Amino acid sequence: MSTPAAGTGNTISGLLKLLRPKQWTKNLLLFAALLFSFEEIRTETILSTLLGFILFSLVAGCVYILNDYVDRDRDRQHPVKMFRPLASGQVNPAHALLFGILLLIFSLGTAFVMNPLFGVLCIVYFLLNVSYSFVLKHLVILDMMTIAAGFVLRAIAGGVLIHVPFTPWFLICTMLLSLFLAIGKRRNELTLLEGNTGSHRKVLDNYSITLLDQFNTIVTTATIISYSLFTFTSDRTIHLMWTIPLVIYGMFRYLYLIHMKNQGGSPDRVLFEDKPILITVVLYVISVVSIFAIFE
């Protein structure tokens with residue numbers, strides 16, 4: 001009697017792993033609109049954003065399920081990916097696909113009931129990520145820009161959920177910062193694979209360390225300038241300018257980790273494993289909330 005129960009528990013555990021909850025930290029960007037709309041922070045807006053975060057994460061999880069379903073045979077040949085639930089046989093492929101379809105229908109349906117525009121954004125996000133998985137990730141430069149577009153959609157969704165307008169400068173900053181992280185990820189992959197790039201990700205054959213460093217120089221400069229302009233022209237308190245040094249330090253610290261420590265392949269891991277960056281993010285959030293509380 002214990003064997004079926006253990007098998008059922010193992011399958012449930014595998015289905016949860018397919019959703020890759022460790023990747024959900026990316027969707028915390030939905031809270032950015034709430035952070036920069038301090039006067040809108042109420043119980044209902046917090047709950048609305050939290051529910052939106054969960055739904056966005058579930059939609060993203062459906063994309064991961066589809067990816068693992070399609071790549072399961074290839075993943076079995078990979079030394080690390082072979083342990084994924086579908087590649088290892090922990091979860092039946094048909095069950096995983098059915099689970100993903102039902103979860104997607106539930107997530108999108110709930111999103112539309114919650115806010116029709118938010119539901120549309122969830123569909124666009126899903127289609128964008130599916131397009132990335134099958135086509136766009138193989139196209140040089142467009143692969144990184146697609147990743148950035150996904151973060152912009154998250155930022156817009158956060159504003160839609162609490163019915164607040166978003167400034168163009170905020171969206172530009174989001175796009176540039178996302179490009180900054182995507183470029184760092186590609187550079188880390190190139191560094192680790194050392195010439196064996198094609199066997200891992202075909203698009204890496206079109207990049208070089210020098211080219212990516214040039215991209216990062218441009219994007220780093222543009223991000224700092226754009227954020228500085230955002231703090232001055234966002235129709236909020238001018239005292240947001242005091243957060244500029246934190247942004248500069250955070251980006252410089254990340255560049256240090258990329259160039260000197262060969263990190264950057266997983267931005268979410270860097271956020272939680274590098275104490276200086278984690279402290280910087282916490283100080284940034286505290287600073288923004290404090291500035292709005294005192295000067296508005």
# chains A, B, ... in the order shown; residues from 1 in each chain; ligands from 1
>>> residues_around(residues="Leu19 of chain A", least_positions_apart="6", cutoff="7 Å", atoms="only C-alpha atoms", output="list in words")
Gly61, Cys62, Tyr64 and Ile65 of chain A
>>> write_last_selection(atoms="N, CA, C and O atoms", output="PDB file, in the first residue's frame")
ATOM      1  N   GLY A  61       5.270  28.912 -15.576  1.00  0.00           N
ATOM      2  CA  GLY A  61       5.489  27.500 -15.310  1.00  0.00           C
ATOM      3  C   GLY A  61       4.957  26.621 -16.431  1.00  0.00           C
ATOM      4  O   GLY A  61       5.550  25.586 -16.753  1.00  0.00           O
ATOM      5  N   CYS A  62       3.858  27.042 -17.052  1.00  0.00           N
ATOM      6  CA  CYS A  62       3.302  26.283 -18.186  1.00  0.00           C
ATOM      7  C   CYS A  62       4.266  26.285 -19.371  1.00  0.00           C
ATOM      8  O   CYS A  62       4.359  25.297 -20.114  1.00  0.00           O
ATOM      9  N   TYR A  64       7.546  26.403 -19.050  1.00  0.00           N
ATOM     10  CA  TYR A  64       8.603  25.473 -18.668  1.00  0.00           C
ATOM     11  C   TYR A  64       8.170  24.027 -18.902  1.00  0.00           C
ATOM     12  O   TYR A  64       8.981  23.191 -19.340  1.00  0.00           O
ATOM     13  N   ILE A  65       6.918  23.730 -18.607  1.00  0.00           N
ATOM     14  CA  ILE A  65       6.407  22.375 -18.832  1.00  0.00           C
ATOM     15  C   ILE A  65       6.468  22.024 -20.315  1.00  0.00           C
ATOM     16  O   ILE A  65       6.903  20.933 -20.702  1.00  0.00           O
TER      17      ILE A  65
END
>>> select_by_dssp(residues="segment 177-279 of chain A", states="helix (DSSP H, G or I)", output="ChimeraX atom specification")
/A:177-193,202-206,209-233,238-260,267-273,275-279
>>> closest_residue(among="A:Trp169, A:Asn206, A:Ala293, A:Lys26", to="Ile147 of chain A", atoms="only C-alpha atoms")
A:Lys26
>>> residues_around(residues="Ser57 of chain A", least_positions_apart="5", cutoff="8 Å", atoms="only C-alpha atoms", output="JSON, numbers by chain")
{"A": [21, 24, 27]}
>>> residues_around(residues="Val282 of chain A", least_positions_apart="6", cutoff="12 Å", atoms="only C-alpha atoms", output="tab-separated table (two decimals) with N, CA and C atoms, in the first residue's frame")
chain	number	residue	atom	x	y	z
A	243	THR	N	18.65	57.67	-4.66
A	243	THR	CA	18.78	56.23	-4.89
A	243	THR	C	19.70	55.91	-6.08
A	246	LEU	N	22.83	53.82	-5.34
A	246	LEU	CA	22.55	52.40	-5.11
A	246	LEU	C	22.42	51.64	-6.43
A	247	VAL	N	21.78	52.26	-7.41
A	247	VAL	CA	21.65	51.64	-8.73
A	247	VAL	C	23.02	51.47	-9.38
A	250	GLY	N	24.94	48.70	-7.57
A	250	GLY	CA	24.39	47.39	-7.88
A	250	GLY	C	24.84	46.90	-9.25
A	271	LEU	N	21.22	37.19	-6.94
A	271	LEU	CA	20.48	38.07	-6.05
A	271	LEU	C	20.47	37.55	-4.62
A	272	PHE	N	20.31	36.24	-4.46
A	272	PHE	CA	20.18	35.67	-3.11
A	272	PHE	C	21.50	35.17	-2.54
A	275	LYS	N	25.77	38.66	-1.05
A	275	LYS	CA	25.26	39.50	0.02
A	275	LYS	C	25.29	41.00	-0.31
A	276	PRO	N	26.37	41.51	-0.93
A	276	PRO	CA	26.35	42.94	-1.27
A	276	PRO	C	25.20	43.34	-2.19
A	288	VAL	N	13.38	53.93	-1.25
A	288	VAL	CA	12.24	54.41	-2.04
A	288	VAL	C	11.01	54.62	-1.17
A	289	VAL	N	10.70	53.61	-0.34
A	289	VAL	CA	9.54	53.71	0.55
A	289	VAL	C	9.71	54.87	1.51
>>> closest_residue(among="A:Ile248, A:Leu257, A:Leu16, A:Leu179", to="Asp274 of chain A", atoms="only C-alpha atoms")
A:Leu257
>>> closest_residue(among="A:Lys137, A:Tyr254, A:Ser107, A:Leu15", to="Asp68 of chain A", atoms="only C-alpha atoms")
A:Leu15
>>> residues_around(residues="segment 33-43 of chain A", least_positions_apart="3", cutoff="7 Å", atoms="only C-alpha atoms", output="list of chain:residue names")
A:Leu30, A:Ile46, A:Leu47, A:Ala155, A:Gly158, A:Gly159, A:Val289, A:Phe292
>>> residues_around(residues="Leu176 of chain A", least_positions_apart="6", cutoff="9 Å", atoms="only C-alpha atoms", output="list of chain:residue names")
A:Ala148, A:Val219, A:Thr220, A:Ala222, A:Thr223, A:Ser226
>>> residues_around(residues="Gly150 of chain A", least_positions_apart="5", cutoff="8 Å", atoms="only C-alpha atoms", output="tab-separated table (two decimals) with C-alpha atoms, in the first residue's frame")
chain	number	residue	atom	x	y	z
A	125	TYR	CA	3.59	36.88	-22.20
A	128	LEU	CA	6.14	35.56	-26.40
A	129	ASN	CA	7.85	32.92	-24.28
>>> closest_residue(among="A:Met241, A:Ile224, A:Ala96, A:Ile101", to="Ser287 of chain A", atoms="only C-alpha atoms")
A:Met241
